[in-house]
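Below is structure.cif, holding mmCIF, C-alpha atoms and all ligand atoms.
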```cif
data_upload
#
loop_
_atom_site.label_atom_id
_atom_site.label_comp_id
_atom_site.auth_asym_id
_atom_site.auth_seq_id
_atom_site.Cartn_x
_atom_site.Cartn_y
_atom_site.Cartn_z
CA MET A 794 17.17 1.39 35.18
CA ASP A 795 19.74 -1.22 34.20
CA PRO A 796 21.14 -0.08 30.78
CA GLN A 797 20.66 -3.48 29.15
CA LYS A 798 17.06 -3.60 30.36
CA LYS A 799 16.49 -0.11 29.00
CA LEU A 800 17.97 -1.11 25.64
CA ARG A 801 15.70 -4.18 25.56
CA LEU A 802 12.63 -2.04 26.25
CA LEU A 803 13.58 0.58 23.67
CA SER A 804 14.16 -2.16 21.10
CA LYS A 805 10.76 -3.67 21.75
CA LEU A 806 9.13 -0.28 21.43
CA ALA A 807 11.07 0.49 18.26
CA ARG A 808 9.00 -2.02 16.38
CA PHE A 809 5.40 -0.95 16.67
CA GLU A 810 4.32 -4.53 16.20
CA CYS A 811 6.15 -5.47 19.38
CA GLU A 812 3.07 -4.27 21.19
CA ARG A 813 1.42 -7.22 19.53
CA GLU A 814 4.45 -9.50 19.73
CA PRO A 815 6.24 -8.61 22.95
CA ASP A 816 9.34 -10.70 22.42
CA LEU A 817 12.80 -9.17 22.09
CA GLY A 818 13.78 -11.96 19.70
CA ARG A 819 11.39 -10.44 17.18
CA CYS A 820 13.07 -7.07 17.54
CA ILE A 821 16.26 -8.54 16.15
CA TYR A 822 15.25 -9.19 12.60
CA ASN A 823 16.89 -10.22 9.38
CA ALA A 824 17.08 -7.18 7.16
CA SER A 825 18.44 -6.93 3.66
CA THR A 826 21.23 -4.39 3.73
CA PRO A 827 23.73 -3.18 1.11
CA ARG A 828 26.02 -5.76 2.78
CA GLY A 829 23.56 -8.68 2.41
CA ARG A 830 20.96 -10.07 4.85
CA LYS A 831 21.89 -9.61 8.48
CA PRO A 832 20.38 -9.85 11.97
CA ILE A 833 19.77 -6.22 12.87
CA LEU A 834 18.84 -4.67 16.18
CA LYS A 835 16.26 -1.98 15.63
CA THR A 836 16.16 0.35 18.57
CA MET A 837 15.23 3.84 19.69
CA LEU A 838 17.31 6.49 21.37
CA SER A 839 14.22 8.13 22.82
CA THR A 840 10.54 7.31 23.03
CA TYR A 841 9.81 10.92 23.96
CA CYS A 842 8.45 12.75 20.96
CA ASP A 843 7.31 16.35 20.61
CA LYS A 844 5.26 15.51 17.53
CA ASN A 845 1.78 14.14 17.53
CA CYS A 846 1.36 11.98 14.43
CA ASP A 847 -2.09 10.40 14.61
CA TYR A 848 -0.97 6.82 13.87
CA CYS A 849 2.08 6.63 16.09
CA ILE A 850 2.70 4.84 19.37
CA PHE A 851 5.19 7.58 20.34
CA ARG A 852 2.91 10.54 19.70
CA ARG A 853 3.14 13.23 22.37
CA ASP A 854 -0.41 12.80 23.65
CA ARG A 855 -0.35 9.02 24.10
CA ASP A 856 -0.12 8.71 27.87
CA SER A 857 0.42 4.96 28.03
CA THR A 858 3.67 4.91 26.01
CA PRO A 859 6.65 4.28 28.31
CA ARG A 860 8.96 7.28 27.91
CA LEU A 861 12.62 6.36 27.93
CA PHE A 862 15.85 7.93 26.81
CA ILE A 863 19.18 6.15 26.57
CA LYS A 864 22.47 8.03 26.43
CA PRO A 865 24.52 7.54 23.24
CA ASP A 866 27.46 5.93 25.05
CA THR A 867 25.16 3.56 26.96
CA LEU A 868 23.38 2.55 23.78
CA ALA A 869 26.67 2.05 21.94
CA ARG A 870 28.05 -0.08 24.79
CA GLY A 871 24.88 -2.19 24.98
CA PHE A 872 24.85 -2.73 21.24
CA MET A 873 28.51 -3.77 21.23
CA GLU A 874 27.80 -6.40 23.91
CA LEU A 875 25.14 -7.94 21.68
CA TYR A 876 27.44 -7.66 18.67
CA ARG A 877 30.35 -9.35 20.42
CA ARG A 878 28.08 -12.16 21.57
CA GLY A 879 27.12 -12.73 17.93
CA LYS A 880 23.46 -11.83 18.48
CA VAL A 881 23.39 -9.00 15.97
CA GLN A 882 25.40 -7.82 12.99
CA GLY A 883 23.95 -4.39 12.53
CA LEU A 884 22.06 -1.51 14.06
CA PHE A 885 18.99 0.39 12.90
CA LEU A 886 18.78 3.45 15.11
CA SER A 887 15.72 5.65 15.26
CA SER A 888 14.18 8.06 17.73
CA GLY A 889 11.23 10.21 18.64
CA VAL A 890 11.90 13.89 18.04
CA PHE A 891 12.86 15.53 21.31
CA VAL A 892 13.67 19.22 21.95
CA HIS A 893 14.42 19.89 18.26
CA PRO A 894 15.18 17.68 15.25
CA GLU A 895 18.79 18.97 15.29
CA VAL A 896 19.22 17.95 18.93
CA THR A 897 17.79 14.49 18.24
CA MET A 898 20.01 14.04 15.20
CA GLU A 899 23.04 15.18 17.17
CA LYS A 900 22.45 12.33 19.65
CA LEU A 901 21.88 9.75 16.90
CA ILE A 902 25.10 10.89 15.20
CA GLU A 903 26.97 10.83 18.52
CA THR A 904 25.93 7.20 19.02
CA ALA A 905 27.15 6.19 15.56
CA ASP A 906 30.34 8.17 16.09
CA ILE A 907 31.08 6.35 19.36
CA LEU A 908 30.53 3.00 17.64
CA ARG A 909 32.82 3.89 14.75
CA LYS A 910 35.58 5.62 16.75
CA ARG A 911 35.64 4.25 20.31
CA TYR A 912 34.71 0.67 19.43
CA GLU A 913 36.09 0.71 15.90
CA TYR A 914 32.85 -0.94 14.80
CA LYS A 915 32.90 -1.41 11.05
CA GLY A 916 29.53 -3.14 10.72
CA TYR A 917 26.21 -2.00 9.37
CA ILE A 918 24.49 1.13 10.70
CA HIS A 919 21.15 2.44 9.47
CA LEU A 920 20.34 5.91 10.82
CA LYS A 921 16.88 7.38 10.72
CA LEU A 922 17.02 11.06 9.74
CA MET A 923 14.84 13.64 11.43
CA PRO A 924 13.03 15.97 9.00
CA GLY A 925 14.02 19.63 9.05
CA VAL A 926 17.73 19.32 9.84
CA SER A 927 20.64 21.21 8.28
CA LEU A 928 22.80 20.12 5.38
CA GLN A 929 25.80 19.78 7.69
CA THR A 930 23.90 17.41 9.98
CA LEU A 931 22.82 15.30 7.02
CA GLU A 932 26.42 15.13 5.80
CA GLU A 933 27.62 13.90 9.20
CA ALA A 934 24.91 11.24 9.35
CA VAL A 935 25.61 9.96 5.84
CA LYS A 936 29.34 9.79 6.57
CA LEU A 937 28.79 7.44 9.54
CA ALA A 938 25.93 5.30 8.23
CA ASP A 939 25.65 2.60 5.60
CA ARG A 940 22.01 3.40 5.08
CA VAL A 941 19.92 6.47 5.91
CA SER A 942 16.19 6.92 5.74
CA MET A 943 13.61 9.63 6.21
CA ASN A 944 10.04 8.41 6.04
CA ILE A 945 7.62 10.26 3.81
CA GLU A 946 4.68 8.36 5.45
CA ALA A 947 2.13 9.69 2.92
CA PRO A 948 2.33 10.22 -0.84
CA ASN A 949 1.71 13.95 -0.86
CA GLU A 950 1.38 17.01 1.34
CA GLU A 951 -2.40 16.88 1.52
CA ARG A 952 -2.41 13.25 2.71
CA LEU A 953 0.38 13.84 5.19
CA LYS A 954 -1.43 16.79 6.76
CA LYS A 955 -4.39 14.49 7.47
CA ILE A 956 -2.32 12.23 9.71
CA ALA A 957 0.69 14.27 10.86
CA LYS A 958 -0.01 17.97 11.17
CA GLY A 959 3.48 18.72 12.48
CA LYS A 960 5.22 17.37 9.37
CA SER A 961 5.63 18.80 5.91
CA LEU A 962 6.78 17.01 2.78
CA ARG A 963 7.14 20.25 0.87
CA LYS A 964 8.99 22.28 3.48
CA GLU A 965 11.14 19.68 5.23
CA ILE A 966 11.08 16.08 4.05
CA ILE A 967 11.51 16.44 0.27
CA PRO A 968 14.18 19.19 0.58
CA ASN A 969 16.13 16.97 3.04
CA ILE A 970 15.76 13.87 0.87
CA THR A 971 17.01 15.89 -2.12
CA GLN A 972 20.04 17.04 -0.12
CA VAL A 973 20.84 13.49 0.98
CA SER A 974 20.69 12.24 -2.61
CA LYS A 975 23.17 14.92 -3.58
CA ILE A 976 25.50 14.02 -0.70
CA LEU A 977 25.33 10.34 -1.68
CA GLU A 978 26.74 11.12 -5.12
CA ASN A 979 30.11 11.24 -3.33
CA TYR A 980 29.76 7.73 -1.90
CA GLU A 981 29.49 4.19 -3.18
CA ARG A 982 27.59 1.37 -1.50
CA LYS A 983 25.51 3.55 0.81
CA SER A 984 21.78 3.49 0.42
CA HIS A 985 18.92 5.86 0.88
CA ILE A 986 15.42 4.61 1.52
CA THR A 987 12.02 5.77 2.72
CA GLN A 988 8.74 4.32 3.89
CA VAL A 989 5.14 5.14 3.16
CA MET A 990 2.29 3.95 5.33
CA VAL A 991 -0.49 2.26 3.41
CA GLY A 992 -4.14 2.73 4.26
CA VAL A 993 -3.74 5.43 6.87
CA SER A 994 -4.52 8.65 4.98
CA ASP A 995 -7.20 7.35 2.57
CA GLU A 996 -4.61 7.62 -0.16
CA SER A 997 -4.97 5.68 -3.41
CA ASP A 998 -2.46 3.21 -4.85
CA GLU A 999 -2.12 5.59 -7.78
CA GLU A 1000 -1.03 8.44 -5.50
CA ILE A 1001 1.46 6.20 -3.72
CA LEU A 1002 3.04 4.82 -6.89
CA LYS A 1003 3.16 8.22 -8.57
CA SER A 1004 5.14 9.49 -5.60
CA SER A 1005 7.37 6.36 -5.61
CA GLU A 1006 8.26 6.98 -9.24
CA TYR A 1007 9.20 10.56 -8.39
CA LEU A 1008 11.36 9.32 -5.49
CA TYR A 1009 13.17 6.78 -7.69
CA ARG A 1010 13.59 8.77 -10.88
CA LYS A 1011 14.03 12.34 -9.64
CA LEU A 1012 15.39 11.89 -6.13
CA LYS A 1013 17.38 8.68 -6.78
CA LEU A 1014 16.17 6.76 -3.75
CA ASN A 1015 17.24 3.13 -3.59
CA ARG A 1016 14.03 1.74 -2.13
CA VAL A 1017 10.57 2.75 -1.08
CA TYR A 1018 9.07 0.46 1.57
CA TYR A 1019 5.35 0.06 2.06
CA SER A 1020 3.92 -0.60 5.48
CA ALA A 1021 0.29 -1.62 5.91
CA PHE A 1022 -1.34 0.48 8.61
CA TYR A 1023 -2.14 -1.24 11.90
CA PRO A 1024 -4.08 0.77 14.50
CA VAL A 1025 -2.42 1.57 17.83
CA LYS A 1026 -4.64 1.79 20.90
CA GLY A 1027 -4.75 5.22 22.50
CA THR A 1028 -4.22 7.10 19.24
CA PRO A 1029 -6.82 9.04 17.22
CA LEU A 1030 -6.78 6.23 14.62
CA GLU A 1031 -7.33 3.37 17.07
CA ASN A 1032 -10.68 2.48 15.49
CA LYS A 1033 -9.52 2.66 11.91
CA PRO A 1034 -9.40 -0.83 10.40
CA PRO A 1035 -5.97 -2.29 9.65
CA GLU A 1036 -4.87 -2.25 6.03
CA SER A 1037 -4.69 -5.57 4.20
CA LYS A 1038 -1.31 -7.19 3.70
CA MET A 1039 -2.44 -8.08 0.16
CA ARG A 1040 -2.63 -4.37 -0.73
CA GLU A 1041 0.90 -3.94 0.62
CA HIS A 1042 2.02 -6.96 -1.44
CA ARG A 1043 0.48 -5.60 -4.66
CA LEU A 1044 2.17 -2.25 -4.07
CA TYR A 1045 5.53 -4.00 -3.78
CA GLN A 1046 4.86 -5.85 -7.04
CA ALA A 1047 3.90 -2.61 -8.80
CA ASP A 1048 6.94 -0.91 -7.27
CA PHE A 1049 9.17 -3.54 -8.92
CA LEU A 1050 7.55 -2.70 -12.25
CA ILE A 1051 8.51 0.96 -11.84
CA ARG A 1052 11.94 0.43 -10.26
CA ASP A 1053 13.26 -2.53 -12.22
CA TYR A 1054 11.09 -3.10 -15.28
CA GLY A 1055 10.84 0.37 -16.79
CA PHE A 1056 7.11 0.94 -16.25
CA SER A 1057 5.78 4.38 -15.44
CA TRP A 1058 3.02 4.80 -12.87
CA GLU A 1059 0.67 5.97 -15.64
CA GLU A 1060 0.85 2.55 -17.33
CA LEU A 1061 -0.18 0.62 -14.23
CA PRO A 1062 -3.61 -1.07 -14.27
CA PHE A 1063 -5.45 1.11 -11.76
CA GLU A 1064 -9.19 0.82 -11.37
CA LYS A 1065 -10.43 4.04 -9.79
CA GLY A 1066 -6.95 4.62 -8.34
CA LYS A 1067 -6.60 1.07 -6.97
CA LEU A 1068 -4.52 -1.84 -8.15
CA PRO A 1069 -6.57 -5.01 -8.59
CA GLU A 1070 -5.99 -7.17 -5.51
CA ASP A 1071 -6.89 -10.47 -7.16
CA ARG A 1072 -3.93 -10.61 -9.54
CA ASP A 1073 -0.36 -9.59 -10.09
CA PRO A 1074 -0.21 -6.01 -11.51
CA LYS A 1075 1.96 -7.05 -14.46
CA GLU A 1076 -0.59 -9.66 -15.45
CA ALA A 1077 -3.42 -7.14 -15.04
CA TRP A 1078 -1.47 -4.70 -17.22
CA ALA A 1079 -0.95 -7.39 -19.91
CA GLU A 1080 -4.64 -8.26 -19.92
CA ARG A 1081 -5.41 -4.63 -20.63
CA ASN A 1082 -2.83 -4.55 -23.41
CA LEU A 1083 -3.50 -7.79 -25.23
CA HIS A 1084 -2.84 -6.03 -28.55
CA LEU A 1085 0.88 -6.07 -27.58
CA PHE A 1086 0.87 -9.87 -27.22
CA PRO A 1087 1.94 -12.49 -28.04
CA VAL A 1088 5.55 -11.36 -28.47
CA GLU A 1089 8.01 -13.45 -30.44
CA ILE A 1090 10.42 -14.72 -27.84
CA ASN A 1091 13.27 -15.02 -30.33
CA ARG A 1092 13.13 -11.33 -31.24
CA ALA A 1093 11.89 -9.47 -28.15
CA ASP A 1094 14.57 -7.32 -26.53
CA TYR A 1095 15.24 -7.40 -22.79
CA GLU A 1096 12.93 -4.44 -22.06
CA LEU A 1097 10.04 -6.17 -23.80
CA LEU A 1098 10.76 -9.58 -22.29
CA VAL A 1099 10.57 -8.26 -18.71
CA ARG A 1100 7.10 -6.95 -19.52
CA VAL A 1101 5.86 -10.47 -20.21
CA PRO A 1102 3.90 -11.81 -17.19
CA GLY A 1103 5.95 -14.47 -15.43
CA VAL A 1104 9.27 -13.16 -16.78
CA GLY A 1105 11.55 -11.57 -14.19
CA LYS A 1106 14.98 -10.06 -14.70
CA GLU A 1107 16.82 -13.37 -14.29
CA THR A 1108 14.39 -15.22 -16.59
CA ALA A 1109 14.77 -12.55 -19.29
CA LYS A 1110 18.55 -12.92 -19.14
CA GLU A 1111 18.26 -16.72 -19.27
CA ILE A 1112 15.99 -16.56 -22.33
CA ILE A 1113 18.41 -14.22 -24.12
CA SER A 1114 21.33 -16.45 -23.23
CA ARG A 1115 19.54 -19.60 -24.50
CA ARG A 1116 18.55 -18.05 -27.80
CA LEU A 1117 22.16 -16.98 -28.43
CA ARG A 1118 22.85 -20.71 -28.61
CA GLY A 1119 20.06 -21.32 -31.14
CA ALA A 1120 16.46 -20.41 -31.95
CA LEU A 1121 13.86 -21.31 -29.34
CA LYS A 1122 11.44 -23.45 -31.30
CA SER A 1123 9.27 -25.24 -28.78
CA PRO A 1124 8.44 -25.24 -25.03
CA GLU A 1125 11.11 -27.96 -24.70
CA ASP A 1126 13.69 -25.25 -25.40
CA LEU A 1127 12.39 -23.35 -22.36
CA ARG A 1128 12.54 -26.32 -20.01
CA GLY A 1129 13.42 -25.28 -16.44
CA ILE A 1130 12.23 -21.69 -16.93
CA ARG A 1131 10.04 -20.56 -13.99
CA ASN A 1132 6.38 -19.72 -14.65
CA LEU A 1133 6.55 -21.36 -18.06
CA ARG A 1134 2.81 -22.03 -18.41
CA LYS A 1135 2.07 -18.39 -17.68
CA ILE A 1136 4.79 -17.14 -20.03
CA LEU A 1137 3.54 -19.30 -22.92
CA ARG A 1138 0.24 -17.42 -22.79
CA TYR A 1139 2.01 -14.27 -23.93
CA VAL A 1140 4.70 -15.44 -26.38
CA THR A 1141 5.24 -17.24 -29.65
CA LEU A 1142 8.19 -19.49 -30.49
CA MET A 1143 9.23 -19.11 -34.13
CA GLY A 1144 5.72 -17.85 -34.84
CA ARG A 1145 3.91 -20.73 -33.12
CA TYR A 1146 1.67 -20.23 -30.11
CA TYR A 1147 1.73 -22.83 -27.35
CA GLY A 1148 -0.28 -21.00 -24.73
CA CYS A 1149 -3.56 -21.89 -23.18
CA PRO A 1150 -5.49 -18.82 -21.99
CA SER A 1151 -7.05 -20.75 -19.13
CA SER A 1152 -3.68 -21.88 -17.78
CA THR A 1153 -2.75 -18.60 -16.11
CA ASN A 1154 -1.81 -19.02 -12.49
CA ARG A 1155 -2.81 -16.03 -10.51
CA THR A 1156 -0.43 -15.04 -7.74
S1 LIG B 1 7.65 12.20 14.65
FE1 LIG B 1 7.99 9.99 14.42
S2 LIG B 1 8.10 9.19 16.50
FE2 LIG B 1 7.19 11.23 16.65
S3 LIG B 1 4.98 10.91 16.61
FE3 LIG B 1 5.60 11.26 14.48
S4 LIG B 1 6.03 9.22 13.59
FE4 LIG B 1 5.98 9.04 15.86
#
```
Reformat the file's structure so that it appears as structure tokens.
Ligand code: SF4
Amino acid sequence: MDPQKKLRLLSKLARFECEREPDLGRCIYNASTPRGRKPILKTMLSTYCDKNCDYCIFRRDRDSTPRLFIKPDTLARGFMELYRRGKVQGLFLSSGVFVHPEVTMEKLIETADILRKRYEYKGYIHLKLMPGVSLQTLEEAVKLADRVSMNIEAPNEERLKKIAKGKSLRKEIIPNITQVSKILENYERKSHITQVMVGVSDESDEEILKSSEYLYRKLKLNRVYYSAFYPVKGTPLENKPPESKMREHRLYQADFLIRDYGFSWEELPFEKGKLPEDRDPKEAWAERNLHLFPVEINRADYELLVRVPGVGKETAKEIISRRLRGALKSPEDLRGIRNLRKILRYVTLMGRYYGCPSSTNRT
């Protein structure tokens, strides 16, 4: 097969949703990277996979998946053509696991090595890491990539076993993620991320966010991504309903609370393990903790300000900067601040309350 055609096919297959949206243009996507937002080609080295994860288009037993393998030098050459034509500015390279995770990783590393050495490519590379590889292999991958990722897929071992019997968080994924975090202590500006699938293993939001907190605080991951499950025909989960995008959205909002706003998962407003879907989790948390409000905006420190519904990191800094220039006495002094009506519900200005409980905008 013509190498460019093969690369196009692998790139389409690399994004599961390309089964639904079979257009190569959608396989080049704008991703936020440690170097800013860039058009990235996400592609696969191999669609052969020895594993049999229940949700996956590449699972071993799915007969209708086209099975393709592209050699590292062919992939590198094809990518460089796209790069030189200005179509892409980065590569996200993944693969099914073939022969052995070490063998697969060796080929992924070889591809990145060709790009860096033969083509002197200095742009963005995101390498997917195969679980169960050696420390030396992880070191080589981290050295070549700007970003590395190993997906946890489920929040704990029990949930993972339900959907991917050939994978183990305890034996392979968490030990490898721990090793990568250690390696990354020797680098600046490289990032380490993971992904969890939402709605595939009957997991609760509480389980997911508890595991995210562990990944951020103990294992120092830069980001956890949440991906709402969508069933793939010809897999054991083909009749499972897709997960709602709203659940995914609420998980991202709650994730921000843990990652950036100092919340712990135990503080989040779960109802039987679920986040409320009809409102922002910070607002739901505030409604459960009305005894903490209103806060005096002229005295609240940064950590308290970012807990006020409607106040993000930039808004908190802006409020602190304005009050350094003089006391904030009325809503006029907060003119131009985003979400002001919502914020006024939870604060006082020099002891006076300007909020209107019914004015909350739910997002
Ligand atoms: S190991 Fe990866 S590519 Fe293979 S079946 Fe599982 S999720 Fe799919």
Each side padded by 5 Å, which centre and which edge lengths in Å (one decimal) define the axis-aligned box around the listed atoms of ligand LIG 1 (chain B)? Give them as JSON.
```
{"center_x": 6.5, "center_y": 10.6, "center_z": 15.1, "size_x": 13.1, "size_y": 13.2, "size_z": 13.1}
```
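For the residues A:Leu800, A:Ile863, A:Leu884, A:Ile966, ranking by smallest atom-to-atom distance to ligand LIG 1 (chain B) using all atoms listed in the file places A:Ile966 first.
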Query raised in the report: What lies within 9 Å of Arg1016 (chain A) using all atoms listed in the file, ignoring chain neighbours under 5 positions off, as a list in words?
Result: Ser984, His985, Ile986, Thr987, Gln988, Ser1005, Leu1008, Tyr1009 and Arg1052 of chain A
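Residue nearest Gly1105 (chain A), chosen from A:Asp1053, A:Glu1080, A:Glu1060, A:Glu1000 and counting all atoms listed in the file: A:Asp1053.
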Rows by chain and residue number, chain A within 7 Å of ligand LIG 1 (chain B), shortest pair, all atoms listed in the file, as a Markdown table:
```
| residue | atom | partner | partner_atom | distance |
| --- | --- | --- | --- | --- |
| A:Cys842 | CA | B:LIG1 | FE2 | 4.7 |
| A:Asp843 | CA | B:LIG1 | FE2 | 6.5 |
| A:Lys844 | CA | B:LIG1 | S3 | 4.7 |
| A:Asn845 | CA | B:LIG1 | S3 | 4.6 |
| A:Cys846 | CA | B:LIG1 | FE3 | 4.3 |
| A:Cys849 | CA | B:LIG1 | FE4 | 4.6 |
| A:Ile850 | CA | B:LIG1 | FE4 | 6.4 |
| A:Phe851 | CA | B:LIG1 | FE4 | 4.8 |
| A:Arg852 | CA | B:LIG1 | S3 | 3.7 |
| A:Arg853 | CA | B:LIG1 | S3 | 6.5 |
| A:Ser888 | CA | B:LIG1 | S2 | 6.3 |
| A:Gly889 | CA | B:LIG1 | S2 | 3.9 |
| A:Val890 | CA | B:LIG1 | FE2 | 5.6 |
| A:Ala957 | CA | B:LIG1 | FE3 | 6.8 |
```
Since we have the selection now, will you write its residues out, keeping C-alpha atoms, as a JSON list (two decimals), in the frame of the given file?
```json
[["chain", "number", "residue", "atom", "x", "y", "z"],
["A", 842, "CYS", "CA", 8.45, 12.75, 20.96],
["A", 843, "ASP", "CA", 7.31, 16.35, 20.61],
["A", 844, "LYS", "CA", 5.26, 15.51, 17.53],
["A", 845, "ASN", "CA", 1.78, 14.14, 17.53],
["A", 846, "CYS", "CA", 1.36, 11.98, 14.43],
["A", 849, "CYS", "CA", 2.08, 6.63, 16.09],
["A", 850, "ILE", "CA", 2.70, 4.84, 19.37],
["A", 851, "PHE", "CA", 5.19, 7.58, 20.34],
["A", 852, "ARG", "CA", 2.91, 10.54, 19.70],
["A", 853, "ARG", "CA", 3.14, 13.23, 22.37],
["A", 888, "SER", "CA", 14.18, 8.06, 17.73],
["A", 889, "GLY", "CA", 11.23, 10.21, 18.64],
["A", 890, "VAL", "CA", 11.90, 13.89, 18.04],
["A", 957, "ALA", "CA", 0.69, 14.27, 10.86]]
```
**Report entry** Neighbour list for Val881 (chain A) as a ChimeraX atom specification, cut-off 7 Å, all atoms listed in the file, skip fewer than 6 positions in-chain
**Finding:** /A:832-834,875
Query - Contact residues around Leu1044 (chain A) with all atoms listed in the file at 9 Å, ignoring same-chain residues under 4 positions, as an NGL selection string - result: :A and (998 or 1001-1002 or 1019 or 1039-1040 or 1048-1049 or 1068 or 1074)
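What separates CA of Asp847 (chain A) from CA of Thr897 (chain A) is a distance of 20.6 Å.
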Query - All residues 12 Å or closer to Glu996 (chain A), only C-alpha atoms, same chain fewer than 5 positions away omitted, as number ranges by chain - result: A: 946-956, 989-991, 1001-1004, 1022, 1036, 1065-1067
**Report entry** Shell around region 1142-1146 of chain A at 10 Å using all atoms listed in the file, local window under 5 positions removed, as a list of chain:residue names
**Finding:** A:Pro1087, A:Val1088, A:Glu1089, A:Ile1090, A:Asn1091, A:Arg1092, A:Ala1120, A:Leu1121, A:Lys1122, A:Ser1123, A:Pro1124, A:Asp1126, A:Leu1127, A:Leu1137
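Put simply, CA of Leu920 (chain A) is 13.2 Å away from CA of Pro865 (chain A).
The interatomic distance for the pair CA of Ser927 (chain A) and CA of Glu895 (chain A) works out to 7.6 Å.
Candidate residues A:Leu803, A:Ile945, A:Leu901, A:Leu1098 were compared for distance to Ile1112 (chain A), and the nearest is A:Leu1098, using all atoms listed in the file.
Residue nearest Lys936 (chain A) within the list A:His1042, A:Lys1075, A:Lys983, A:Arg860: A:Lys983 [criterion: smallest interatomic distance, only C-alpha atoms].
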Taking N, CA and C atoms as the atom set, what does region 826-843 of chain A look like once completed, written as a compact mmCIF listing (two decimals), in the frame of the given file?
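What ended up in out15.txt:
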```txt
# COMPACT_ATOMS: atom_id res chain seq x y z
N THR A 826 20.42 -5.60 3.64
CA THR A 826 21.23 -4.39 3.73
C THR A 826 22.14 -4.34 2.50
N PRO A 827 22.78 -3.20 2.25
CA PRO A 827 23.73 -3.18 1.11
C PRO A 827 24.85 -4.20 1.30
N ARG A 828 24.99 -4.75 2.53
CA ARG A 828 26.02 -5.76 2.78
C ARG A 828 25.41 -7.17 2.89
N GLY A 829 24.22 -7.36 2.35
CA GLY A 829 23.56 -8.68 2.41
C GLY A 829 22.58 -8.75 3.57
N ARG A 830 21.94 -9.92 3.76
CA ARG A 830 20.96 -10.07 4.85
C ARG A 830 21.68 -10.29 6.17
N LYS A 831 21.21 -9.55 7.19
CA LYS A 831 21.89 -9.61 8.48
C LYS A 831 20.89 -9.49 9.62
N PRO A 832 21.22 -10.11 10.79
CA PRO A 832 20.38 -9.85 11.97
C PRO A 832 20.67 -8.44 12.50
N ILE A 833 19.63 -7.64 12.54
CA ILE A 833 19.77 -6.22 12.87
C ILE A 833 18.99 -5.93 14.15
N LEU A 834 19.59 -5.17 15.03
CA LEU A 834 18.84 -4.67 16.18
C LEU A 834 18.24 -3.33 15.80
N LYS A 835 16.90 -3.27 15.85
CA LYS A 835 16.26 -1.98 15.63
C LYS A 835 15.92 -1.40 16.99
N THR A 836 16.44 -0.23 17.27
CA THR A 836 16.16 0.35 18.57
C THR A 836 15.97 1.86 18.48
N MET A 837 15.50 2.41 19.60
CA MET A 837 15.23 3.84 19.69
C MET A 837 16.21 4.48 20.66
N LEU A 838 16.54 5.73 20.40
CA LEU A 838 17.31 6.49 21.37
C LEU A 838 16.36 7.10 22.40
N SER A 839 15.19 7.50 21.92
CA SER A 839 14.22 8.13 22.82
C SER A 839 12.80 7.79 22.38
N THR A 840 11.96 7.49 23.36
CA THR A 840 10.54 7.31 23.03
C THR A 840 9.76 8.58 23.36
N TYR A 841 10.45 9.61 23.83
CA TYR A 841 9.81 10.92 23.96
C TYR A 841 9.69 11.49 22.56
N CYS A 842 8.55 12.07 22.25
CA CYS A 842 8.45 12.75 20.96
C CYS A 842 7.59 13.99 21.12
N ASP A 843 8.07 15.09 20.54
CA ASP A 843 7.31 16.35 20.61
C ASP A 843 6.24 16.41 19.55
```
